[in-house]
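Heads up, model-v5.txt below (compact mmCIF, C-alpha atoms):
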# COMPACT_ATOMS: atom_id res chain seq x y z
CA MET N 1 0.00 0.00 0.00
CA ARG N 2 1.29 3.47 -0.88
CA PHE N 3 1.03 6.45 1.48
CA LEU N 4 1.09 10.24 1.29
CA ILE N 5 1.99 11.83 4.63
CA ASP N 6 0.49 15.15 5.74
CA GLN N 7 2.56 18.12 6.87
CA ASN N 8 1.67 17.66 10.56
CA LEU N 9 3.66 14.43 10.74
CA PRO N 10 7.44 13.98 10.74
CA THR N 11 9.21 13.15 7.49
CA ARG N 12 10.98 10.29 9.30
CA LEU N 13 7.64 8.45 9.17
CA ILE N 14 8.55 7.68 5.55
CA ALA N 15 11.37 5.40 6.75
CA VAL N 16 9.06 3.61 9.20
CA LEU N 17 6.47 2.88 6.51
CA GLU N 18 9.04 1.90 3.90
CA ALA N 19 10.79 -0.45 6.36
CA MET N 20 7.42 -2.20 6.62
CA GLY N 21 7.27 -2.54 2.83
CA HIS N 22 5.02 0.40 1.99
CA PRO N 23 6.18 3.21 -0.31
CA ALA N 24 5.60 6.62 1.21
CA ASP N 25 6.06 10.27 0.35
CA HIS N 26 5.64 13.45 2.38
CA ILE N 27 3.97 16.60 1.16
CA LYS N 28 6.77 18.76 2.63
CA LEU N 29 9.29 17.01 0.40
CA ARG N 30 7.11 17.88 -2.58
CA GLY N 31 6.90 21.55 -1.64
CA LEU N 32 3.19 21.25 -0.88
CA ALA N 33 3.16 22.17 2.82
CA GLU N 34 0.89 25.14 2.11
CA ALA N 35 -1.47 23.32 -0.26
CA ALA N 36 -5.16 23.09 0.60
CA ASP N 37 -6.45 19.80 1.98
CA ASP N 38 -8.68 19.17 -1.03
CA VAL N 39 -5.67 19.53 -3.35
CA LEU N 40 -3.68 17.04 -1.27
CA TRP N 41 -6.65 14.68 -1.14
CA GLN N 42 -6.98 14.72 -4.92
CA LEU N 43 -3.24 14.13 -5.28
CA ALA N 44 -3.48 11.06 -3.04
CA ILE N 45 -6.41 9.76 -5.10
CA ASP N 46 -4.64 10.42 -8.41
CA GLU N 47 -1.52 8.58 -7.22
CA ASP N 48 -3.46 5.75 -5.57
CA ARG N 49 -2.08 6.62 -2.14
CA VAL N 50 -3.65 6.53 1.30
CA MET N 51 -3.51 9.93 3.01
CA VAL N 52 -1.85 9.75 6.46
CA SER N 53 -2.72 12.57 8.85
CA LYS N 54 -3.35 13.46 12.47
CA ASP N 55 -6.04 15.97 11.45
CA SER N 56 -9.74 15.23 11.15
CA ASP N 57 -9.98 17.33 7.95
CA PHE N 58 -9.27 14.32 5.76
CA VAL N 59 -11.88 12.30 7.63
CA THR N 60 -14.52 14.66 6.24
CA LEU N 61 -13.11 14.32 2.73
CA ALA N 62 -13.11 10.52 2.99
CA GLN N 63 -16.69 10.47 4.23
CA ARG N 64 -18.09 12.69 1.51
CA GLY N 65 -16.27 11.31 -1.52
CA GLU N 66 -16.52 8.11 -3.46
CA SER N 67 -12.81 7.38 -3.60
CA GLY N 68 -9.67 7.83 -1.56
CA ALA N 69 -8.73 6.59 1.87
CA VAL N 70 -7.24 8.06 5.00
CA LEU N 71 -5.17 6.57 7.78
CA ARG N 72 -5.73 8.87 10.72
CA LEU N 73 -3.18 8.77 13.49
CA ALA N 74 -5.41 9.73 16.41
CA VAL N 75 -2.57 9.80 18.91
CA GLY N 76 -2.62 13.42 20.06
CA ASN N 77 0.65 15.09 20.88
CA CYS N 78 3.21 12.43 21.61
CA PRO N 79 6.93 11.90 21.15
CA ASN N 80 7.88 10.78 17.66
CA THR N 81 9.37 7.57 19.05
CA LEU N 82 5.95 6.63 20.48
CA LEU N 83 4.28 7.55 17.18
CA TYR N 84 6.66 5.28 15.25
CA ASP N 85 6.15 2.43 17.73
CA LEU N 86 2.35 2.73 17.43
CA VAL N 87 2.55 2.69 13.65
CA ARG N 88 4.83 -0.37 13.69
CA GLU N 89 2.47 -2.17 16.06
CA LYS N 90 -0.87 -1.26 14.52
CA LEU N 91 -0.18 -0.77 10.82
CA PRO N 92 -0.67 -4.44 9.82
CA ALA N 93 -4.27 -4.44 11.11
CA ALA N 94 -4.87 -1.04 9.51
CA ILE N 95 -3.54 -2.31 6.16
CA LEU N 96 -5.91 -5.25 6.32
CA ARG N 97 -8.89 -2.95 6.92
CA LEU N 98 -7.85 -0.59 4.12
CA SER N 99 -7.30 -3.54 1.78
CA ASN N 100 -10.84 -4.69 2.58
CA GLY N 101 -12.22 -1.38 1.33
CA GLU N 102 -12.51 0.72 4.47
CA ARG N 103 -11.89 4.33 3.54
CA LEU N 104 -11.22 5.60 7.05
CA VAL N 105 -8.99 3.74 9.47
CA GLU N 106 -7.70 5.19 12.71
CA ILE N 107 -4.68 4.22 14.74
CA GLU N 108 -5.10 5.18 18.37
CA ARG N 109 -2.96 4.86 21.49

Encoded form (structure tokens):
Amino acid sequence: MRFLIDQNLPTRLIAVLEAMGHPADHIKLRGLAEAADDVLWQLAIDEDRVMVSKDSDFVTLAQRGESGAVLRLAVGNCPNTLLYDLVREKLPAAILRLSNGERLVEIER
């Protein structure tokens, strides 16, 4: 599964996802940190990527559209090391749900 990571998450998350076998890109590395959410959402859809974000904005976009998916990291403010550990622990179950057609999957503490 391919991911597009939102600006509110660290770029090092790319390495975590790729180490688990999932290609990832970050909007900051594309110079899109100031882009509107709907533009980023469409980019993720066009590139067949799952949007990864801590924000609920993409939840709304996933619920109102017919395509696209979001992996919401509902972990609040936490150290990056904890964030990476949670992703490593919970991503396999999230991937299964996304693969089964769920368009909104949340990883929580």

Under the rule that all atoms listed in the file are counted, which of N:Asn100, N:Ser67, N:Val16, N:Ala35 is the nearest residue to Leu86 of chain N?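 That would be N:Val16, the residue with the smallest distance to Leu86 of chain N.
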
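We find atom CA of Arg103 of chain N and atom CA of Lys28 of chain N to be spaced 23.6 Å apart.
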
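Shortest separation to Gln42 of chain N among N:Cys78, N:Phe58, N:Arg97, N:His26 occurs at residue N:Phe58, atoms counted being only C-alpha atoms.
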
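Between Glu89 of chain N and the candidates N:Val70, N:Ile107, N:Leu32, N:Leu13, the tightest atom-to-atom separation, counting only C-alpha atoms, involves N:Ile107.
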
Rank nothing, just name the residue among N:Val50, N:Ala44, N:Val75, N:Val87 nearest to Gly101 of chain N, using all atoms listed in the file.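 Smallest separation from Gly101 of chain N among the options: N:Val50.
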
When you write segment 3-58 of chain N out from the block above, keep C-alpha atoms and present the result as an mmCIF file, in the first residue's frame, please.
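selection-v6.cif, written as the output of this step:
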data_model
loop_
_atom_site.group_PDB
_atom_site.id
_atom_site.type_symbol
_atom_site.label_atom_id
_atom_site.label_comp_id
_atom_site.auth_asym_id
_atom_site.auth_seq_id
_atom_site.Cartn_x
_atom_site.Cartn_y
_atom_site.Cartn_z
ATOM 1 C CA PHE N 3 1.026 6.453 1.477
ATOM 2 C CA LEU N 4 1.088 10.245 1.286
ATOM 3 C CA ILE N 5 1.992 11.833 4.625
ATOM 4 C CA ASP N 6 0.493 15.146 5.741
ATOM 5 C CA GLN N 7 2.559 18.116 6.874
ATOM 6 C CA ASN N 8 1.670 17.661 10.557
ATOM 7 C CA LEU N 9 3.658 14.427 10.735
ATOM 8 C CA PRO N 10 7.440 13.982 10.736
ATOM 9 C CA THR N 11 9.209 13.155 7.488
ATOM 10 C CA ARG N 12 10.975 10.288 9.296
ATOM 11 C CA LEU N 13 7.644 8.448 9.169
ATOM 12 C CA ILE N 14 8.553 7.676 5.554
ATOM 13 C CA ALA N 15 11.372 5.403 6.750
ATOM 14 C CA VAL N 16 9.059 3.615 9.204
ATOM 15 C CA LEU N 17 6.467 2.884 6.512
ATOM 16 C CA GLU N 18 9.037 1.899 3.902
ATOM 17 C CA ALA N 19 10.792 -0.445 6.357
ATOM 18 C CA MET N 20 7.423 -2.198 6.623
ATOM 19 C CA GLY N 21 7.266 -2.539 2.832
ATOM 20 C CA HIS N 22 5.022 0.399 1.990
ATOM 21 C CA PRO N 23 6.184 3.212 -0.312
ATOM 22 C CA ALA N 24 5.596 6.617 1.213
ATOM 23 C CA ASP N 25 6.058 10.269 0.352
ATOM 24 C CA HIS N 26 5.640 13.448 2.380
ATOM 25 C CA ILE N 27 3.973 16.603 1.160
ATOM 26 C CA LYS N 28 6.770 18.760 2.630
ATOM 27 C CA LEU N 29 9.289 17.010 0.397
ATOM 28 C CA ARG N 30 7.108 17.880 -2.581
ATOM 29 C CA GLY N 31 6.900 21.555 -1.641
ATOM 30 C CA LEU N 32 3.186 21.255 -0.880
ATOM 31 C CA ALA N 33 3.156 22.173 2.823
ATOM 32 C CA GLU N 34 0.891 25.142 2.110
ATOM 33 C CA ALA N 35 -1.468 23.315 -0.264
ATOM 34 C CA ALA N 36 -5.155 23.092 0.599
ATOM 35 C CA ASP N 37 -6.452 19.795 1.977
ATOM 36 C CA ASP N 38 -8.684 19.167 -1.029
ATOM 37 C CA VAL N 39 -5.670 19.529 -3.345
ATOM 38 C CA LEU N 40 -3.680 17.036 -1.267
ATOM 39 C CA TRP N 41 -6.651 14.678 -1.137
ATOM 40 C CA GLN N 42 -6.976 14.715 -4.922
ATOM 41 C CA LEU N 43 -3.240 14.131 -5.276
ATOM 42 C CA ALA N 44 -3.482 11.061 -3.038
ATOM 43 C CA ILE N 45 -6.415 9.757 -5.100
ATOM 44 C CA ASP N 46 -4.638 10.424 -8.410
ATOM 45 C CA GLU N 47 -1.515 8.581 -7.216
ATOM 46 C CA ASP N 48 -3.465 5.752 -5.568
ATOM 47 C CA ARG N 49 -2.083 6.619 -2.137
ATOM 48 C CA VAL N 50 -3.652 6.531 1.301
ATOM 49 C CA MET N 51 -3.508 9.932 3.014
ATOM 50 C CA VAL N 52 -1.846 9.755 6.457
ATOM 51 C CA SER N 53 -2.724 12.568 8.855
ATOM 52 C CA LYS N 54 -3.355 13.461 12.474
ATOM 53 C CA ASP N 55 -6.040 15.969 11.445
ATOM 54 C CA SER N 56 -9.737 15.226 11.145
ATOM 55 C CA ASP N 57 -9.984 17.329 7.945
ATOM 56 C CA PHE N 58 -9.266 14.318 5.758
#
